[in-house]
Structures are given as C-alpha cells and as structure tokens.
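Novice: This is the structure I have questions about; it appears just below.
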Amino acid sequence: MTQAPHSLNNLSQTLARARTDGQVLPAADWTACVPDSASAYAVQDQLSARLGWASGQQAAKFWKSGGASRSSELSHAPLAPAGVRTSPASFADLSLRAPGIEAEIALRIGVDISAQEAAQLSHAQAMQLVDAFAVSAELVSSRWAEAGEAPALLRQADCLSHGALALGPWQAFDPQQPPDWAALSCWIQRNDEAPLRASGSHPLGDPTWLLPAWLRHLSRNGASVQAGTVVTTGAWLVLLGLHPGDKLSLGFSGLGELQIAL
C-alpha cells in the first residue's frame with residue numbers, strides 16, 4: 001500500500017486522470033484525504049473546474065442528485081457534458097468499468113436563478129422553475145477498485161460513481177399536473193432478456209422533492225444556476241453487470257422510452 005495522500009487537489013487530479021486512462025484507485029490509499037462531505041464536494045468542484053464542466057460563478061450544466069429517503073441527507077454531483085447523450089445513444093467509445101444502468105427522470109430548469117433566490121425556495125416554488133422533464137438512464141461506473149463497496153465519501157468525491165447519461169425527448173412539465181409518481185411504472189430490458197419492472201419505486205416518492213436542496217447546493221458559493229441546467233433525480237430501477245456490446249431499452253409508462261448501446 002502506498003502512503004495515503006492528504007491533498008484534495010491531488011485526489012481531484014488523480015480522479016480526472018482516471019476518467020481518461022481507466023486507472024483504478026484503491027480506496028485505502030485515499031480514505032484519510034476525504035474526512036467529511038465538505039471535502040468530497042471540494043474534490044467535485046476541483047474536478048469540475050479542471051475538466052471544464054463549470055466556469056467562474058456559473059455552475060455545471062448537468063447534475064445528478066438523490067438520496068435513500070426523505071429523511072436521509074441528499075447527495076449531488078456534476079456530470080461530464082461529453083457523456084450526456086440523446087437517445088438512441090451509443091456509449092461504445094467510453095471506458096466504463098463494470099457499468100450498471102438506472103431508470104430515472106431528468107428535470108430541466110427553465111429560468112436563471114440567483115444564489116439569493118435559491119436560498120429561499122420551497123418545494124412548490126422550485127417546481128415552478130422546471131420547464132421540462134425527460135426519461136433518462138444513468139450509467140454508473142466507479143473509479144474505485146472497490147466500486148460500490150468503497151466508502152461513501154470516496155464515492156461522493158468520484159461524482160457519485162457517474163459514468164454517462166442518456167436522455168429521452170424533453171416534454172413540457174406542468175407543476176399543477178405532474179405525472180402520478182406514486183403509480184408510475186418503469187422497465188429495463190437488456191438484449192433479448194425478460195425486462196425488469198417496478199412501480200412507484202422512487203426513494204423520495206416524488207423526484208421533484210430534491211429540487212430545493214439541489215439548487216441550494218449549486219449556488220452555495222454564490223454561483224448562479226442558468227436556464228437549461230439539468231438534473232437526473234435518482235433510480236427507480238437498477239440493472240447491474242452490464243457488458244460491452246449490450247443493447248438496452250428503458251421506459252416509463254406513458255412517458256416514453258430510450259435506447260442505449262454499450
């Protein structure tokens with residue numbers, strides 16, 4: 001085992017490099033470097049700036065956010081724009097290690113939001129800021145050798161194990177008449193296998209519930225949130241153990257579907 005580095009900047013450099021050269025990092029070498037959530041987010045910020053996902057006082061355009069329940073702390077992470085693609089989407093050019101796929105709903109913010117405005121938002125007010133939603137599929141892939149068994153703070157520093165994101169067509173969002181989230185069913189199919197199915201399975205009950213916390217996170221250092229910023233909002237259904245060459249389809253009842261090739 002190598003000596004544990006103690007620089008967040010060193011970790012962000014190493015994670016940035018791992019995204020291009022496929023390097024796998026042993027968690028034990030880095031655990032002491034990320035003692036709390038603030039440190040994990042600092043690594044994310046450095047990584048986002050280093051790779052050009054964000055600039056100055058303008059937050060990154062693409063994000064993921066979510067949590068295990070409404071009583072748990074939500075987590076957020078910026079996403080690499082080059083990995084965000086419209087269905088039908090091919091990710092054959094990406095080196096995704098042992099990827100999994102998650103059926104999700106993405107939301108798009110329709111107006112600019114200042115840090116001062118974000119600090120005061122209620123859930124109802126935040127819903128008014130959404131102009132569109134889309135069926136989405138997140139591909140998860142870790143830079144840690146231990147993957148999902150790595151410490152939570154290290155997974156958070158690694159942008160919550162994000163690999164890539166596929167988006168279906170954008171659809172107008174009506175905050176007065178949103179989809180019936182509690183009854184919404186979804187499915188994932190790999191190749192010719194029988195599809196996996198779930199219904200009403202979002203851990204927060206309503207994917208828009210995370211909006212105020214997510215917007216406050218984006219603007220916590222004074223950054224504004226630009227119109228067109230997108231967040232994918234957590235898994236309704238998960239399929240692990242994907243392989244290069246797999247073809248996947250995924251959909252939500254009444255909301256559409258998308259197709260992915262690995």
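Residue numbering restarts at 1 in every chain; chains get A, B, ... in the order shown in the structure tokens, and ligands count up from 1 in that same order.
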Name all residues at most 8 Å from segment 137-146 of chain A (count only C-alpha atoms; drop same-chain ones fewer than 5 positions away) and give them as a ChimeraX atom specification.

Specialist: /A:15,18-19,22-27,96-105,155,158,161-167,232,250

Novice: Give me a file of those residues, with N, CA and C atoms, as a PDB file, in the first residue's frame.

Specialist:
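See result-v4.pdb below for the written result:
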ATOM      1  N   LEU A  15      -8.393  11.577  -9.955  1.00  0.00           N
ATOM      2  CA  LEU A  15      -9.699  11.175 -10.469  1.00  0.00           C
ATOM      3  C   LEU A  15      -9.906  11.657 -11.902  1.00  0.00           C
ATOM      4  N   ALA A  18      -7.994   9.340 -14.058  1.00  0.00           N
ATOM      5  CA  ALA A  18      -8.624   8.018 -14.104  1.00  0.00           C
ATOM      6  C   ALA A  18      -9.789   7.973 -15.082  1.00  0.00           C
ATOM      7  N   ARG A  19     -10.422   9.114 -15.315  1.00  0.00           N
ATOM      8  CA  ARG A  19     -11.547   9.167 -16.247  1.00  0.00           C
ATOM      9  C   ARG A  19     -11.099   9.013 -17.697  1.00  0.00           C
ATOM     10  N   GLY A  22      -8.464   5.072 -17.484  1.00  0.00           N
ATOM     11  CA  GLY A  22      -9.022   3.846 -16.936  1.00  0.00           C
ATOM     12  C   GLY A  22      -8.371   3.360 -15.659  1.00  0.00           C
ATOM     13  N   GLN A  23      -7.562   4.212 -15.031  1.00  0.00           N
ATOM     14  CA  GLN A  23      -6.896   3.830 -13.785  1.00  0.00           C
ATOM     15  C   GLN A  23      -7.930   3.503 -12.706  1.00  0.00           C
ATOM     16  N   VAL A  24      -7.638   2.476 -11.926  1.00  0.00           N
ATOM     17  CA  VAL A  24      -8.494   2.093 -10.802  1.00  0.00           C
ATOM     18  C   VAL A  24      -7.753   2.424  -9.512  1.00  0.00           C
ATOM     19  N   LEU A  25      -8.432   3.104  -8.595  1.00  0.00           N
ATOM     20  CA  LEU A  25      -7.796   3.596  -7.377  1.00  0.00           C
ATOM     21  C   LEU A  25      -8.174   2.733  -6.178  1.00  0.00           C
ATOM     22  N   PRO A  26      -7.211   2.356  -5.333  1.00  0.00           N
ATOM     23  CA  PRO A  26      -7.535   1.640  -4.098  1.00  0.00           C
ATOM     24  C   PRO A  26      -8.042   2.608  -3.037  1.00  0.00           C
ATOM     25  N   ALA A  27      -9.202   2.333  -2.500  1.00  0.00           N
ATOM     26  CA  ALA A  27      -9.829   3.253  -1.548  1.00  0.00           C
ATOM     27  C   ALA A  27      -8.957   3.496  -0.322  1.00  0.00           C
ATOM     28  N   LEU A  96     -16.182   2.381 -19.621  1.00  0.00           N
ATOM     29  CA  LEU A  96     -16.965   2.276 -18.392  1.00  0.00           C
ATOM     30  C   LEU A  96     -16.687   0.922 -17.741  1.00  0.00           C
ATOM     31  N   ARG A  97     -16.161   0.961 -16.528  1.00  0.00           N
ATOM     32  CA  ARG A  97     -15.786  -0.262 -15.831  1.00  0.00           C
ATOM     33  C   ARG A  97     -16.999  -0.849 -15.115  1.00  0.00           C
ATOM     34  N   ALA A  98     -17.353  -2.086 -15.473  1.00  0.00           N
ATOM     35  CA  ALA A  98     -18.457  -2.813 -14.837  1.00  0.00           C
ATOM     36  C   ALA A  98     -19.689  -1.932 -14.657  1.00  0.00           C
ATOM     37  N   PRO A  99     -20.213  -1.356 -15.737  1.00  0.00           N
ATOM     38  CA  PRO A  99     -21.313  -0.403 -15.564  1.00  0.00           C
ATOM     39  C   PRO A  99     -22.625  -1.053 -15.163  1.00  0.00           C
ATOM     40  N   GLY A 100     -23.446  -0.251 -14.511  1.00  0.00           N
ATOM     41  CA  GLY A 100     -24.844  -0.580 -14.260  1.00  0.00           C
ATOM     42  C   GLY A 100     -25.696   0.522 -14.851  1.00  0.00           C
ATOM     43  N   ILE A 101     -26.998   0.272 -14.967  1.00  0.00           N
ATOM     44  CA  ILE A 101     -27.907   1.263 -15.528  1.00  0.00           C
ATOM     45  C   ILE A 101     -29.060   1.506 -14.558  1.00  0.00           C
ATOM     46  N   GLU A 102     -29.477   2.771 -14.451  1.00  0.00           N
ATOM     47  CA  GLU A 102     -30.552   3.169 -13.559  1.00  0.00           C
ATOM     48  C   GLU A 102     -31.629   3.906 -14.348  1.00  0.00           C
ATOM     49  N   ALA A 103     -32.869   3.487 -14.177  1.00  0.00           N
ATOM     50  CA  ALA A 103     -34.002   4.183 -14.793  1.00  0.00           C
ATOM     51  C   ALA A 103     -34.337   5.413 -13.955  1.00  0.00           C
ATOM     52  N   GLU A 104     -34.337   6.586 -14.587  1.00  0.00           N
ATOM     53  CA  GLU A 104     -34.508   7.831 -13.851  1.00  0.00           C
ATOM     54  C   GLU A 104     -35.383   8.818 -14.627  1.00  0.00           C
ATOM     55  N   ILE A 105     -35.722   9.906 -13.972  1.00  0.00           N
ATOM     56  CA  ILE A 105     -36.396  11.040 -14.593  1.00  0.00           C
ATOM     57  C   ILE A 105     -35.480  12.255 -14.456  1.00  0.00           C
ATOM     58  N   ARG A 155     -16.981   7.672  -2.809  1.00  0.00           N
ATOM     59  CA  ARG A 155     -17.906   7.578  -3.940  1.00  0.00           C
ATOM     60  C   ARG A 155     -18.501   8.948  -4.251  1.00  0.00           C
ATOM     61  N   ASP A 158     -16.021  10.973  -6.140  1.00  0.00           N
ATOM     62  CA  ASP A 158     -15.969  10.463  -7.506  1.00  0.00           C
ATOM     63  C   ASP A 158     -17.283  10.732  -8.244  1.00  0.00           C
ATOM     64  N   SER A 161     -20.088   8.035  -8.523  1.00  0.00           N
ATOM     65  CA  SER A 161     -19.883   6.896  -9.437  1.00  0.00           C
ATOM     66  C   SER A 161     -20.563   7.096 -10.793  1.00  0.00           C
ATOM     67  N   HIS A 162     -20.657   8.344 -11.225  1.00  0.00           N
ATOM     68  CA  HIS A 162     -21.308   8.602 -12.510  1.00  0.00           C
ATOM     69  C   HIS A 162     -20.440   8.158 -13.675  1.00  0.00           C
ATOM     70  N   GLY A 163     -21.080   7.543 -14.678  1.00  0.00           N
ATOM     71  CA  GLY A 163     -20.392   7.154 -15.889  1.00  0.00           C
ATOM     72  C   GLY A 163     -20.863   7.934 -17.101  1.00  0.00           C
ATOM     73  N   ALA A 164     -22.180   7.943 -17.347  1.00  0.00           N
ATOM     74  CA  ALA A 164     -22.748   8.638 -18.502  1.00  0.00           C
ATOM     75  C   ALA A 164     -24.254   8.767 -18.287  1.00  0.00           C
ATOM     76  N   LEU A 165     -24.898   9.562 -19.158  1.00  0.00           N
ATOM     77  CA  LEU A 165     -26.334   9.802 -19.024  1.00  0.00           C
ATOM     78  C   LEU A 165     -26.974   9.848 -20.397  1.00  0.00           C
ATOM     79  N   ALA A 166     -28.055   9.090 -20.572  1.00  0.00           N
ATOM     80  CA  ALA A 166     -28.856   9.138 -21.793  1.00  0.00           C
ATOM     81  C   ALA A 166     -30.176   9.836 -21.489  1.00  0.00           C
ATOM     82  N   LEU A 167     -30.609  10.677 -22.413  1.00  0.00           N
ATOM     83  CA  LEU A 167     -31.848  11.437 -22.238  1.00  0.00           C
ATOM     84  C   LEU A 167     -32.819  11.128 -23.370  1.00  0.00           C
ATOM     85  N   THR A 232     -30.624  14.769 -13.166  1.00  0.00           N
ATOM     86  CA  THR A 232     -31.276  13.470 -13.144  1.00  0.00           C
ATOM     87  C   THR A 232     -31.441  13.079 -11.681  1.00  0.00           C
ATOM     88  N   LEU A 250     -35.244   1.145 -22.096  1.00  0.00           N
ATOM     89  CA  LEU A 250     -35.719   1.550 -20.765  1.00  0.00           C
ATOM     90  C   LEU A 250     -36.878   2.507 -20.963  1.00  0.00           C
TER      91      LEU A 250
END

Novice: Write out as a ChimeraX atom specification the residues lying within 9 Å of Arg70 of chain A, counting only C-alpha atoms and excluding same-chain residues fewer than 2 positions away.

Specialist: /A:67-68,72-74,203-205,209-210

Novice: As a ChimeraX atom specification, list the residues of segment 204-259 of chain A assigned to alpha helix (DSSP H) by DSSP on the backbone atoms of this structure.

Specialist: /A:211-218

Novice: Would you put the residues from that selection into a file with N, CA, C and O atoms, as an mmCIF file, in the first residue's frame?

Specialist:
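After the write, again-v7.cif holds the following:
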data_model
loop_
_atom_site.group_PDB
_atom_site.id
_atom_site.type_symbol
_atom_site.label_atom_id
_atom_site.label_comp_id
_atom_site.auth_asym_id
_atom_site.auth_seq_id
_atom_site.Cartn_x
_atom_site.Cartn_y
_atom_site.Cartn_z
ATOM 1 N N LEU A 211 -35.459 19.216 -5.452
ATOM 2 C CA LEU A 211 -35.085 20.450 -6.138
ATOM 3 C C LEU A 211 -34.547 21.552 -5.227
ATOM 4 O O LEU A 211 -33.492 22.139 -5.520
ATOM 5 N N PRO A 212 -35.203 21.905 -4.112
ATOM 6 C CA PRO A 212 -34.668 22.998 -3.294
ATOM 7 C C PRO A 212 -33.264 22.721 -2.766
ATOM 8 O O PRO A 212 -32.391 23.595 -2.831
ATOM 9 N N ALA A 213 -33.031 21.515 -2.260
ATOM 10 C CA ALA A 213 -31.707 21.187 -1.726
ATOM 11 C C ALA A 213 -30.665 21.179 -2.836
ATOM 12 O O ALA A 213 -29.534 21.651 -2.642
ATOM 13 N N TRP A 214 -31.019 20.651 -3.995
ATOM 14 C CA TRP A 214 -30.078 20.622 -5.118
ATOM 15 C C TRP A 214 -29.721 22.031 -5.586
ATOM 16 O O TRP A 214 -28.546 22.354 -5.783
ATOM 17 N N LEU A 215 -30.716 22.896 -5.731
ATOM 18 C CA LEU A 215 -30.451 24.262 -6.192
ATOM 19 C C LEU A 215 -29.637 25.046 -5.171
ATOM 20 O O LEU A 215 -28.773 25.851 -5.541
ATOM 21 N N ARG A 216 -29.876 24.796 -3.896
ATOM 22 C CA ARG A 216 -29.061 25.472 -2.873
ATOM 23 C C ARG A 216 -27.617 24.969 -2.912
ATOM 24 O O ARG A 216 -26.677 25.734 -2.678
ATOM 25 N N HIS A 217 -27.452 23.691 -3.220
ATOM 26 C CA HIS A 217 -26.089 23.168 -3.332
ATOM 27 C C HIS A 217 -25.355 23.824 -4.499
ATOM 28 O O HIS A 217 -24.193 24.234 -4.363
ATOM 29 N N LEU A 218 -25.993 23.917 -5.639
ATOM 30 C CA LEU A 218 -25.355 24.519 -6.802
ATOM 31 C C LEU A 218 -24.928 25.961 -6.544
ATOM 32 O O LEU A 218 -23.899 26.412 -7.050
#

Novice: Excluding segment 185-195 of chain A and residues on its chain fewer than 5 positions from it, collect all residues at most 8 Å away from it, counting only C-alpha atoms, and give them as a list of chain:residue names.

Specialist: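 Using only C-alpha atoms, the neighbours found are A:Ala103, A:Gly200, A:Ser201, A:Trp236, A:Leu237, A:Leu239, A:Asp246, A:Lys247, A:Leu248, A:Ser249, A:Leu250, A:Gly251, A:Phe252, A:Ser253.
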
Novice: Need to verify the contact set: Ala157 of chain A, 7 Å, only C-alpha atoms, exclusion of same-chain residues closer than 5 positions in sequence. Can you return it as a list in words?

Specialist: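 Neighbouring residues, sequence-local ones excluded: Ala40, Tyr41, Val43 and Gln44 of chain A.
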
Novice: With only C-alpha atoms as the atoms that count, which of A:Thr229, A:Ala147, A:Leu242, A:His202 lies nearest to Pro81 of chain A?

Specialist: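 Nearest to Pro81 of chain A: A:Thr229.
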
Novice: Which is closer to Gly110 of chain A than all the others in A:Gly256, A:Pro151, A:Gly228, A:Gly83, using only C-alpha atoms?

Specialist: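 Closest to Gly110 of chain A, using only C-alpha atoms: A:Gly228.
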
Novice: Give me the residues within 12 Å of Asn10 of chain A as a list in words, counting only C-alpha atoms and dropping any in the same chain fewer than 3 places off.

Specialist: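 Surrounding residues, per the criterion: Ala4, Pro5, His6, Ser7, Gln13, Thr14, Leu15, Ala16, Arg17, Asp29, Trp30, Cys33, Val34, Ala42, Val43, Gln46, Leu47 and Arg50 of chain A.
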
Novice: Write the residues of the preceding selection, restricted to all heavy atoms, as a tab-separated table (two decimals), in the first residue's frame.

Specialist:
chain	number	residue	atom	x	y	z
A	4	ALA	N	-0.81	7.26	2.16
A	4	ALA	CA	-2.06	7.94	1.85
A	4	ALA	C	-1.82	9.41	1.55
A	4	ALA	O	-1.26	10.13	2.36
A	4	ALA	CB	-3.04	7.81	3.03
A	5	PRO	N	-2.24	9.91	0.36
A	5	PRO	CA	-2.10	11.32	0.07
A	5	PRO	C	-3.05	12.13	0.94
A	5	PRO	O	-4.06	11.63	1.41
A	5	PRO	CB	-2.50	11.40	-1.41
A	5	PRO	CG	-2.46	9.99	-1.92
A	5	PRO	CD	-2.77	9.13	-0.74
A	6	HIS	N	-2.72	13.40	1.14
A	6	HIS	CA	-3.56	14.22	2.02
A	6	HIS	C	-4.05	15.47	1.32
A	6	HIS	O	-4.61	16.35	1.96
A	6	HIS	CB	-2.77	14.62	3.27
A	6	HIS	CG	-2.40	13.44	4.13
A	6	HIS	ND1	-3.32	12.73	4.85
A	6	HIS	CD2	-1.21	12.83	4.33
A	6	HIS	CE1	-2.72	11.73	5.49
A	6	HIS	NE2	-1.44	11.78	5.19
A	7	SER	N	-3.87	15.57	0.01
A	7	SER	CA	-4.26	16.75	-0.74
A	7	SER	C	-5.53	16.49	-1.54
A	7	SER	O	-5.59	15.54	-2.33
A	7	SER	CB	-3.14	17.17	-1.68
A	7	SER	OG	-3.59	18.08	-2.63
A	13	GLN	N	-6.92	15.62	-9.19
A	13	GLN	CA	-6.06	15.35	-10.34
A	13	GLN	C	-6.08	13.88	-10.71
A	13	GLN	O	-6.17	13.51	-11.89
A	13	GLN	CB	-4.62	15.78	-10.03
A	13	GLN	CG	-4.37	17.26	-10.04
A	13	GLN	CD	-2.91	17.58	-9.75
A	13	GLN	OE1	-2.27	16.94	-8.93
A	13	GLN	NE2	-2.39	18.59	-10.41
A	14	THR	N	-6.00	13.02	-9.70
A	14	THR	CA	-5.95	11.58	-9.94
A	14	THR	C	-7.27	11.08	-10.49
A	14	THR	O	-7.30	10.24	-11.40
A	14	THR	CB	-5.58	10.85	-8.64
A	14	THR	OG1	-4.35	11.37	-8.13
A	14	THR	CG2	-5.43	9.36	-8.87
A	15	LEU	N	-8.39	11.58	-9.95
A	15	LEU	CA	-9.70	11.17	-10.47
A	15	LEU	C	-9.91	11.66	-11.90
A	15	LEU	O	-10.48	10.94	-12.73
A	15	LEU	CB	-10.81	11.71	-9.56
A	15	LEU	CG	-11.00	11.00	-8.23
A	15	LEU	CD1	-11.99	11.74	-7.35
A	15	LEU	CD2	-11.47	9.55	-8.44
A	16	ALA	N	-9.42	12.86	-12.20
A	16	ALA	CA	-9.53	13.37	-13.56
A	16	ALA	C	-8.76	12.48	-14.53
A	16	ALA	O	-9.25	12.13	-15.62
A	16	ALA	CB	-9.02	14.80	-13.63
A	17	ARG	N	-7.58	12.08	-14.13
A	17	ARG	CA	-6.75	11.21	-14.97
A	17	ARG	C	-7.39	9.84	-15.14
A	17	ARG	O	-7.37	9.25	-16.23
A	17	ARG	CB	-5.35	11.09	-14.36
A	17	ARG	CG	-4.34	10.41	-15.26
A	17	ARG	CD	-2.91	10.63	-14.76
A	17	ARG	NE	-2.74	10.22	-13.37
A	17	ARG	CZ	-2.53	11.06	-12.35
A	17	ARG	NH1	-2.47	12.37	-12.56
A	17	ARG	NH2	-2.37	10.61	-11.12
A	29	ASP	N	-5.93	3.96	0.04
A	29	ASP	CA	-4.89	4.98	-0.15
A	29	ASP	C	-5.43	6.40	0.02
A	29	ASP	O	-4.65	7.34	0.21
A	29	ASP	CB	-4.29	4.86	-1.55
A	29	ASP	CG	-3.37	3.65	-1.69
A	29	ASP	OD1	-3.24	2.89	-0.71
A	29	ASP	OD2	-2.79	3.49	-2.77
A	30	TRP	N	-6.75	6.56	-0.07
A	30	TRP	CA	-7.32	7.89	-0.15
A	30	TRP	C	-8.34	8.21	0.92
A	30	TRP	O	-8.81	9.35	1.02
A	30	TRP	CB	-7.97	8.08	-1.52
A	30	TRP	CG	-7.01	7.99	-2.65
A	30	TRP	CD1	-6.65	6.86	-3.35
A	30	TRP	CD2	-6.24	9.05	-3.21
A	30	TRP	NE1	-5.72	7.17	-4.31
A	30	TRP	CE2	-5.45	8.52	-4.25
A	30	TRP	CE3	-6.15	10.41	-2.93
A	30	TRP	CZ2	-4.59	9.29	-5.02
A	30	TRP	CZ3	-5.29	11.18	-3.70
A	30	TRP	CH2	-4.52	10.63	-4.71
A	33	CYS	N	-7.98	11.23	3.11
A	33	CYS	CA	-7.99	12.51	2.39
A	33	CYS	C	-9.38	13.15	2.40
A	33	CYS	O	-9.50	14.36	2.22
A	33	CYS	CB	-7.52	12.27	0.96
A	33	CYS	SG	-7.40	13.73	-0.07
A	34	VAL	N	-10.43	12.34	2.58
A	34	VAL	CA	-11.81	12.84	2.47
A	34	VAL	C	-12.55	12.51	3.77
A	34	VAL	O	-13.30	11.53	3.85
A	34	VAL	CB	-12.53	12.21	1.26
A	34	VAL	CG1	-13.88	12.88	1.03
A	34	VAL	CG2	-11.68	12.33	0.00
A	42	ALA	N	-15.58	19.44	-2.26
A	42	ALA	CA	-14.44	20.23	-2.71
A	42	ALA	C	-13.72	19.51	-3.85
A	42	ALA	O	-13.28	20.14	-4.83
A	42	ALA	CB	-13.49	20.51	-1.56
A	43	VAL	N	-13.58	18.19	-3.73
A	43	VAL	CA	-12.96	17.41	-4.81
A	43	VAL	C	-13.81	17.50	-6.08
A	43	VAL	O	-13.29	17.70	-7.18
A	43	VAL	CB	-12.77	15.94	-4.39
A	43	VAL	CG1	-12.26	15.11	-5.57
A	43	VAL	CG2	-11.80	15.84	-3.22
A	46	GLN	N	-13.26	20.90	-7.71
A	46	GLN	CA	-11.96	20.98	-8.38
A	46	GLN	C	-11.97	20.17	-9.67
A	46	GLN	O	-11.44	20.60	-10.71
A	46	GLN	CB	-10.86	20.48	-7.45
A	46	GLN	CG	-10.59	21.39	-6.26
A	46	GLN	CD	-9.57	20.80	-5.31
A	46	GLN	OE1	-8.92	19.80	-5.59
A	46	GLN	NE2	-9.41	21.44	-4.14
A	47	LEU	N	-12.58	18.98	-9.61
A	47	LEU	CA	-12.66	18.13	-10.79
A	47	LEU	C	-13.47	18.81	-11.88
A	47	LEU	O	-13.07	18.83	-13.06
A	47	LEU	CB	-13.29	16.79	-10.41
A	47	LEU	CG	-13.39	15.72	-11.49
A	47	LEU	CD1	-12.00	15.23	-11.89
A	47	LEU	CD2	-14.24	14.54	-10.99
A	50	ARG	N	-11.41	21.63	-13.29
A	50	ARG	CA	-10.25	21.11	-14.01
A	50	ARG	C	-10.63	20.59	-15.40
A	50	ARG	O	-9.88	20.75	-16.37
A	50	ARG	CB	-9.61	19.99	-13.18
A	50	ARG	CG	-8.28	19.49	-13.70
A	50	ARG	CD	-7.78	18.34	-12.83
A	50	ARG	NE	-7.66	18.71	-11.43
A	50	ARG	CZ	-6.64	19.40	-10.91
A	50	ARG	NH1	-5.65	19.78	-11.69
A	50	ARG	NH2	-6.61	19.68	-9.63

Novice: Name the residues in contact with Ser87 of chain A at a cut-off of 6 Å, using only C-alpha atoms, excluding same-chain residues fewer than 2 positions from it; report them as a PyMOL selection string.

Specialist: chain A and resi 89+167-168+258-259
